[in-house]
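Okay, start_29.txt is below, compact mmCIF, N, CA and C atoms:
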# COMPACT_ATOMS: atom_id res chain seq x y z
N MET A 1 106.41 27.26 -45.20
CA MET A 1 106.16 26.97 -46.60
C MET A 1 105.68 25.53 -46.77
N GLY A 2 106.34 24.60 -46.19
CA GLY A 2 105.93 23.21 -46.25
C GLY A 2 106.26 22.56 -47.58
N ILE A 3 106.02 21.27 -47.62
CA ILE A 3 106.30 20.48 -48.83
C ILE A 3 105.41 20.91 -49.99
N ALA A 4 104.13 21.11 -49.73
CA ALA A 4 103.20 21.51 -50.80
C ALA A 4 103.60 22.86 -51.40
N GLY A 5 103.96 23.80 -50.56
CA GLY A 5 104.40 25.10 -51.05
C GLY A 5 105.68 25.00 -51.86
N LEU A 6 106.59 24.15 -51.43
CA LEU A 6 107.83 23.95 -52.16
C LEU A 6 107.57 23.34 -53.54
N ILE A 7 106.68 22.37 -53.60
CA ILE A 7 106.34 21.74 -54.88
C ILE A 7 105.70 22.76 -55.82
N LEU A 8 104.79 23.58 -55.32
CA LEU A 8 104.15 24.60 -56.14
C LEU A 8 105.16 25.63 -56.63
N TRP A 9 106.12 25.98 -55.79
CA TRP A 9 107.16 26.93 -56.17
C TRP A 9 108.03 26.35 -57.28
N VAL A 10 108.39 25.07 -57.17
CA VAL A 10 109.21 24.41 -58.19
C VAL A 10 108.43 24.33 -59.51
N LEU A 11 107.14 24.02 -59.45
CA LEU A 11 106.33 23.99 -60.66
C LEU A 11 106.26 25.36 -61.32
N TRP A 12 106.13 26.41 -60.51
CA TRP A 12 106.09 27.76 -61.04
C TRP A 12 107.43 28.12 -61.70
N LEU A 13 108.53 27.76 -61.06
CA LEU A 13 109.85 28.03 -61.65
C LEU A 13 110.03 27.29 -62.98
N CYS A 14 109.59 26.06 -63.04
CA CYS A 14 109.68 25.29 -64.29
C CYS A 14 108.83 25.93 -65.38
N ALA A 15 107.62 26.36 -65.03
CA ALA A 15 106.74 27.01 -66.00
C ALA A 15 107.35 28.33 -66.48
N MET A 16 107.96 29.08 -65.58
CA MET A 16 108.61 30.33 -65.96
C MET A 16 109.78 30.05 -66.90
N GLY A 17 110.60 29.07 -66.58
CA GLY A 17 111.73 28.72 -67.43
C GLY A 17 111.29 28.28 -68.81
N MET A 18 110.26 27.47 -68.85
CA MET A 18 109.72 26.98 -70.12
C MET A 18 109.20 28.14 -70.97
N THR A 19 108.52 29.08 -70.34
CA THR A 19 107.96 30.21 -71.07
C THR A 19 109.05 31.16 -71.56
N VAL A 20 110.03 31.42 -70.73
CA VAL A 20 111.14 32.29 -71.14
C VAL A 20 111.91 31.64 -72.30
N PHE A 21 112.16 30.35 -72.22
CA PHE A 21 112.83 29.64 -73.30
C PHE A 21 112.05 29.75 -74.60
N ALA A 22 110.74 29.52 -74.55
CA ALA A 22 109.90 29.61 -75.75
C ALA A 22 109.89 31.02 -76.31
N LEU A 23 109.83 32.02 -75.44
CA LEU A 23 109.82 33.40 -75.89
C LEU A 23 111.13 33.78 -76.58
N VAL A 24 112.25 33.40 -75.99
CA VAL A 24 113.55 33.68 -76.61
C VAL A 24 113.67 32.96 -77.95
N HIS A 25 113.19 31.73 -78.01
CA HIS A 25 113.22 30.98 -79.27
C HIS A 25 112.39 31.69 -80.33
N ALA A 26 111.21 32.12 -79.97
CA ALA A 26 110.33 32.78 -80.95
C ALA A 26 110.95 34.09 -81.44
N ILE A 27 111.58 34.83 -80.56
CA ILE A 27 112.19 36.10 -80.94
C ILE A 27 113.34 35.88 -81.91
N ARG A 28 114.07 34.81 -81.76
CA ARG A 28 115.26 34.57 -82.59
C ARG A 28 114.96 34.00 -83.97
N GLN A 29 113.73 33.60 -84.24
CA GLN A 29 113.41 32.96 -85.51
C GLN A 29 113.06 33.99 -86.58
N ARG A 30 113.20 33.58 -87.84
CA ARG A 30 112.82 34.43 -88.97
C ARG A 30 111.30 34.52 -89.05
N PRO A 31 110.76 35.67 -89.38
CA PRO A 31 109.30 35.82 -89.45
C PRO A 31 108.64 34.95 -90.51
N ASP A 32 109.33 34.74 -91.64
CA ASP A 32 108.72 33.95 -92.71
C ASP A 32 108.66 32.46 -92.39
N ALA A 33 109.41 32.01 -91.41
CA ALA A 33 109.39 30.59 -91.06
C ALA A 33 108.05 30.20 -90.44
N PHE A 34 107.42 31.09 -89.73
CA PHE A 34 106.13 30.79 -89.10
C PHE A 34 105.04 30.61 -90.14
N THR A 35 105.00 31.52 -91.11
CA THR A 35 103.97 31.40 -92.15
C THR A 35 104.28 30.27 -93.12
N ALA A 36 105.54 29.91 -93.27
CA ALA A 36 105.91 28.82 -94.17
C ALA A 36 105.38 27.48 -93.67
N VAL A 37 105.20 27.33 -92.39
CA VAL A 37 104.68 26.08 -91.83
C VAL A 37 103.21 26.21 -91.43
N ASP A 38 102.53 27.24 -91.97
CA ASP A 38 101.09 27.46 -91.73
C ASP A 38 100.73 27.60 -90.26
N LYS A 39 101.52 28.37 -89.55
CA LYS A 39 101.25 28.69 -88.14
C LYS A 39 100.95 30.17 -88.03
N LEU A 40 100.55 30.60 -86.86
CA LEU A 40 100.33 32.02 -86.64
C LEU A 40 101.63 32.78 -86.88
N THR A 41 101.52 34.08 -87.11
CA THR A 41 102.71 34.86 -87.41
C THR A 41 103.60 35.03 -86.19
N LYS A 42 104.82 35.45 -86.44
CA LYS A 42 105.79 35.65 -85.36
C LYS A 42 105.31 36.66 -84.33
N PRO A 43 104.79 37.84 -84.73
CA PRO A 43 104.32 38.78 -83.71
C PRO A 43 103.18 38.23 -82.84
N VAL A 44 102.33 37.43 -83.43
CA VAL A 44 101.22 36.84 -82.66
C VAL A 44 101.77 35.86 -81.62
N TRP A 45 102.71 35.02 -82.02
CA TRP A 45 103.28 34.08 -81.05
C TRP A 45 104.07 34.79 -79.96
N ILE A 46 104.76 35.85 -80.32
CA ILE A 46 105.48 36.61 -79.29
C ILE A 46 104.49 37.23 -78.31
N ALA A 47 103.38 37.75 -78.83
CA ALA A 47 102.36 38.33 -77.95
C ALA A 47 101.74 37.26 -77.04
N ILE A 48 101.48 36.08 -77.58
CA ILE A 48 100.92 34.98 -76.78
C ILE A 48 101.89 34.59 -75.67
N LEU A 49 103.15 34.46 -76.02
CA LEU A 49 104.14 34.05 -75.03
C LEU A 49 104.40 35.15 -74.00
N LEU A 50 104.36 36.41 -74.41
CA LEU A 50 104.47 37.50 -73.44
C LEU A 50 103.27 37.52 -72.49
N ALA A 51 102.09 37.27 -73.03
CA ALA A 51 100.89 37.19 -72.18
C ALA A 51 101.00 36.00 -71.22
N SER A 52 101.57 34.91 -71.68
CA SER A 52 101.78 33.75 -70.81
C SER A 52 102.74 34.08 -69.68
N LEU A 53 103.81 34.77 -70.03
CA LEU A 53 104.77 35.18 -69.00
C LEU A 53 104.11 36.13 -68.01
N GLY A 54 103.33 37.07 -68.52
CA GLY A 54 102.61 37.98 -67.64
C GLY A 54 101.60 37.26 -66.76
N GLY A 55 100.93 36.27 -67.31
CA GLY A 55 99.97 35.49 -66.52
C GLY A 55 100.65 34.72 -65.40
N LEU A 56 101.82 34.18 -65.68
CA LEU A 56 102.56 33.47 -64.64
C LEU A 56 103.05 34.42 -63.56
N LEU A 57 103.50 35.59 -63.97
CA LEU A 57 103.96 36.57 -62.98
C LEU A 57 102.80 37.13 -62.17
N LEU A 58 101.69 37.38 -62.84
CA LEU A 58 100.53 37.95 -62.16
C LEU A 58 99.86 36.94 -61.24
N GLY A 59 99.73 35.72 -61.72
CA GLY A 59 99.07 34.68 -60.92
C GLY A 59 99.94 34.13 -59.81
N ARG A 60 101.26 34.24 -59.97
CA ARG A 60 102.25 33.75 -59.00
C ARG A 60 102.14 32.27 -58.69
N THR A 61 101.49 31.53 -59.58
CA THR A 61 101.41 30.08 -59.42
C THR A 61 101.19 29.46 -60.79
N ALA A 62 101.63 28.23 -60.95
CA ALA A 62 101.45 27.53 -62.21
C ALA A 62 100.19 26.69 -62.22
N VAL A 63 99.47 26.63 -61.10
CA VAL A 63 98.30 25.77 -61.03
C VAL A 63 97.00 26.55 -60.92
N GLY A 64 97.05 27.87 -60.96
CA GLY A 64 95.84 28.68 -60.99
C GLY A 64 95.34 28.80 -62.42
N PHE A 65 94.26 29.56 -62.61
CA PHE A 65 93.68 29.72 -63.94
C PHE A 65 94.68 30.33 -64.91
N LEU A 66 95.31 31.43 -64.52
CA LEU A 66 96.28 32.08 -65.40
C LEU A 66 97.50 31.21 -65.64
N GLY A 67 97.93 30.50 -64.63
CA GLY A 67 99.10 29.64 -64.77
C GLY A 67 98.85 28.48 -65.71
N ILE A 68 97.70 27.86 -65.60
CA ILE A 68 97.38 26.73 -66.47
C ILE A 68 97.25 27.20 -67.92
N ALA A 69 96.60 28.35 -68.13
CA ALA A 69 96.47 28.89 -69.49
C ALA A 69 97.85 29.21 -70.07
N ALA A 70 98.73 29.74 -69.25
CA ALA A 70 100.08 30.06 -69.71
C ALA A 70 100.86 28.81 -70.06
N VAL A 71 100.76 27.79 -69.23
CA VAL A 71 101.48 26.54 -69.49
C VAL A 71 100.95 25.86 -70.75
N VAL A 72 99.65 25.90 -70.96
CA VAL A 72 99.07 25.30 -72.17
C VAL A 72 99.54 26.04 -73.42
N ALA A 73 99.49 27.37 -73.39
CA ALA A 73 99.93 28.15 -74.56
C ALA A 73 101.41 27.91 -74.85
N THR A 74 102.22 27.89 -73.82
CA THR A 74 103.65 27.64 -74.01
C THR A 74 103.88 26.22 -74.50
N GLY A 75 103.14 25.28 -73.96
CA GLY A 75 103.26 23.89 -74.40
C GLY A 75 102.91 23.71 -75.87
N VAL A 76 101.87 24.41 -76.33
CA VAL A 76 101.50 24.34 -77.75
C VAL A 76 102.64 24.87 -78.61
N TYR A 77 103.24 25.97 -78.20
CA TYR A 77 104.36 26.51 -78.97
C TYR A 77 105.51 25.51 -79.00
N LEU A 78 105.88 24.99 -77.84
CA LEU A 78 107.05 24.11 -77.78
C LEU A 78 106.82 22.76 -78.45
N ALA A 79 105.60 22.25 -78.39
CA ALA A 79 105.34 20.93 -78.94
C ALA A 79 104.94 20.95 -80.42
N ASP A 80 104.33 22.04 -80.88
CA ASP A 80 103.81 22.07 -82.24
C ASP A 80 104.57 23.04 -83.14
N VAL A 81 104.73 24.26 -82.70
CA VAL A 81 105.30 25.30 -83.56
C VAL A 81 106.82 25.20 -83.63
N ARG A 82 107.48 25.10 -82.51
CA ARG A 82 108.95 25.11 -82.47
C ARG A 82 109.58 24.03 -83.34
N PRO A 83 109.14 22.76 -83.26
CA PRO A 83 109.79 21.75 -84.12
C PRO A 83 109.63 22.03 -85.61
N LYS A 84 108.46 22.53 -86.01
CA LYS A 84 108.24 22.78 -87.43
C LYS A 84 109.02 23.99 -87.91
N VAL A 85 109.11 25.02 -87.08
CA VAL A 85 109.90 26.20 -87.45
C VAL A 85 111.37 25.83 -87.53
N ASP A 86 111.85 25.04 -86.59
CA ASP A 86 113.25 24.60 -86.65
C ASP A 86 113.51 23.76 -87.89
N GLU A 87 112.58 22.88 -88.22
CA GLU A 87 112.77 22.00 -89.37
C GLU A 87 112.79 22.79 -90.68
N ILE A 88 111.92 23.77 -90.80
CA ILE A 88 111.87 24.55 -92.05
C ILE A 88 113.14 25.38 -92.23
N GLN A 89 113.76 25.79 -91.13
CA GLN A 89 114.97 26.61 -91.24
C GLN A 89 116.23 25.78 -91.38
N ARG A 90 116.27 24.62 -90.79
CA ARG A 90 117.48 23.79 -90.80
C ARG A 90 117.38 22.61 -91.74
N GLY A 91 116.18 22.26 -92.17
CA GLY A 91 115.99 21.09 -92.99
C GLY A 91 115.78 19.87 -92.11
N PRO A 92 115.45 18.73 -92.71
CA PRO A 92 115.24 17.53 -91.90
C PRO A 92 116.51 17.11 -91.16
N ARG A 93 116.33 16.45 -90.05
CA ARG A 93 117.47 16.06 -89.22
C ARG A 93 118.21 14.84 -89.74
N TRP A 94 117.67 14.11 -90.67
CA TRP A 94 118.35 12.92 -91.17
C TRP A 94 118.44 12.87 -92.62

Take the structure from the file and write it as structure tokens.
Amino acid sequence: MGIAGLILWVLWLCAMGMTVFALVHAIRQRPDAFTAVDKLTKPVWIAILLASLGGLLLGRTAVGFLGIAAVVATGVYLADVRPKVDEIQRGPRW
């Protein structure tokens, strides 16, 4: 396997964990919270995240074409959608 293979495996595991976390988060949220913050609907985000998970499983790497697309889609959800959906449901943090 070597060091390079080990690093790629760890990156793939991190990408899988990130995608599963985002998918579980999206499933647990109220559907109206997504439209309230002017984002795509809940079913669309769940489909995107499921496709990301499938791309990671199918590509078996986080650095191939499918892996990079999956990581970008998951990153957009975690960095842009998740904070706004959480804020609309819980209110401001301060």

_Let me make sure I understand: among A:Arg90, A:Leu11, A:Leu66, A:Ala73, which one has the smallest atom-to-atom distance to Val44 of chain A if we use only C-alpha atoms?_
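Answer, going by the shortest atom-to-atom distance: A:Ala73.
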
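Taking atom N of Lys42 of chain A and atom N of Gln89 of chain A as endpoints, the distance between them is 14.0 Å.
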
Centre and edge lengths, as JSON, for the axis-aligned box enclosing every listed atom of segment 27-46 of chain A with 3 Å of padding on each of the six sides, in Å to one decimal?
{"center_x": 107.8, "center_y": 32.4, "center_z": -86.2, "size_x": 20.9, "size_y": 18.7, "size_z": 21.9}

For His25 of chain A, the closest of A:Arg82, A:Ser52, A:Lys39, A:Ile88 counting only N, CA and C atoms is A:Arg82

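With only C-alpha atoms as the basis for measurement, A:Leu53 is the residue among A:Leu53, A:Ala69, A:Ala33, A:Leu58 that approaches Phe21 of chain A most closely.
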
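With all atoms listed in the file as the atoms that count, the residue of A:Trp45, A:Phe34, A:Trp12, A:Phe65 with the shortest distance to Val85 of chain A is A:Phe34.
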
Could you name the residues that touch Asp32 of chain A at 8 Å or less, counting all atoms listed in the file, but leaving out those on the same chain fewer than 4 positions away, as an NGL selection string?
:A and (36-37 or 41-42)

What is the atom C of Gly64 of chain A-atom C of Thr19 of chain A distance in Å, reported with one decimal?
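Going from atom C of Gly64 of chain A over to atom C of Thr19 of chain A covers 16.6 Å.
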
| field | Length of the atom CA of Tyr77 of chain A to atom CA of Ala22 of chain A vector [Å] | value |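 Here the two named atoms are 7.1 Å from each other.
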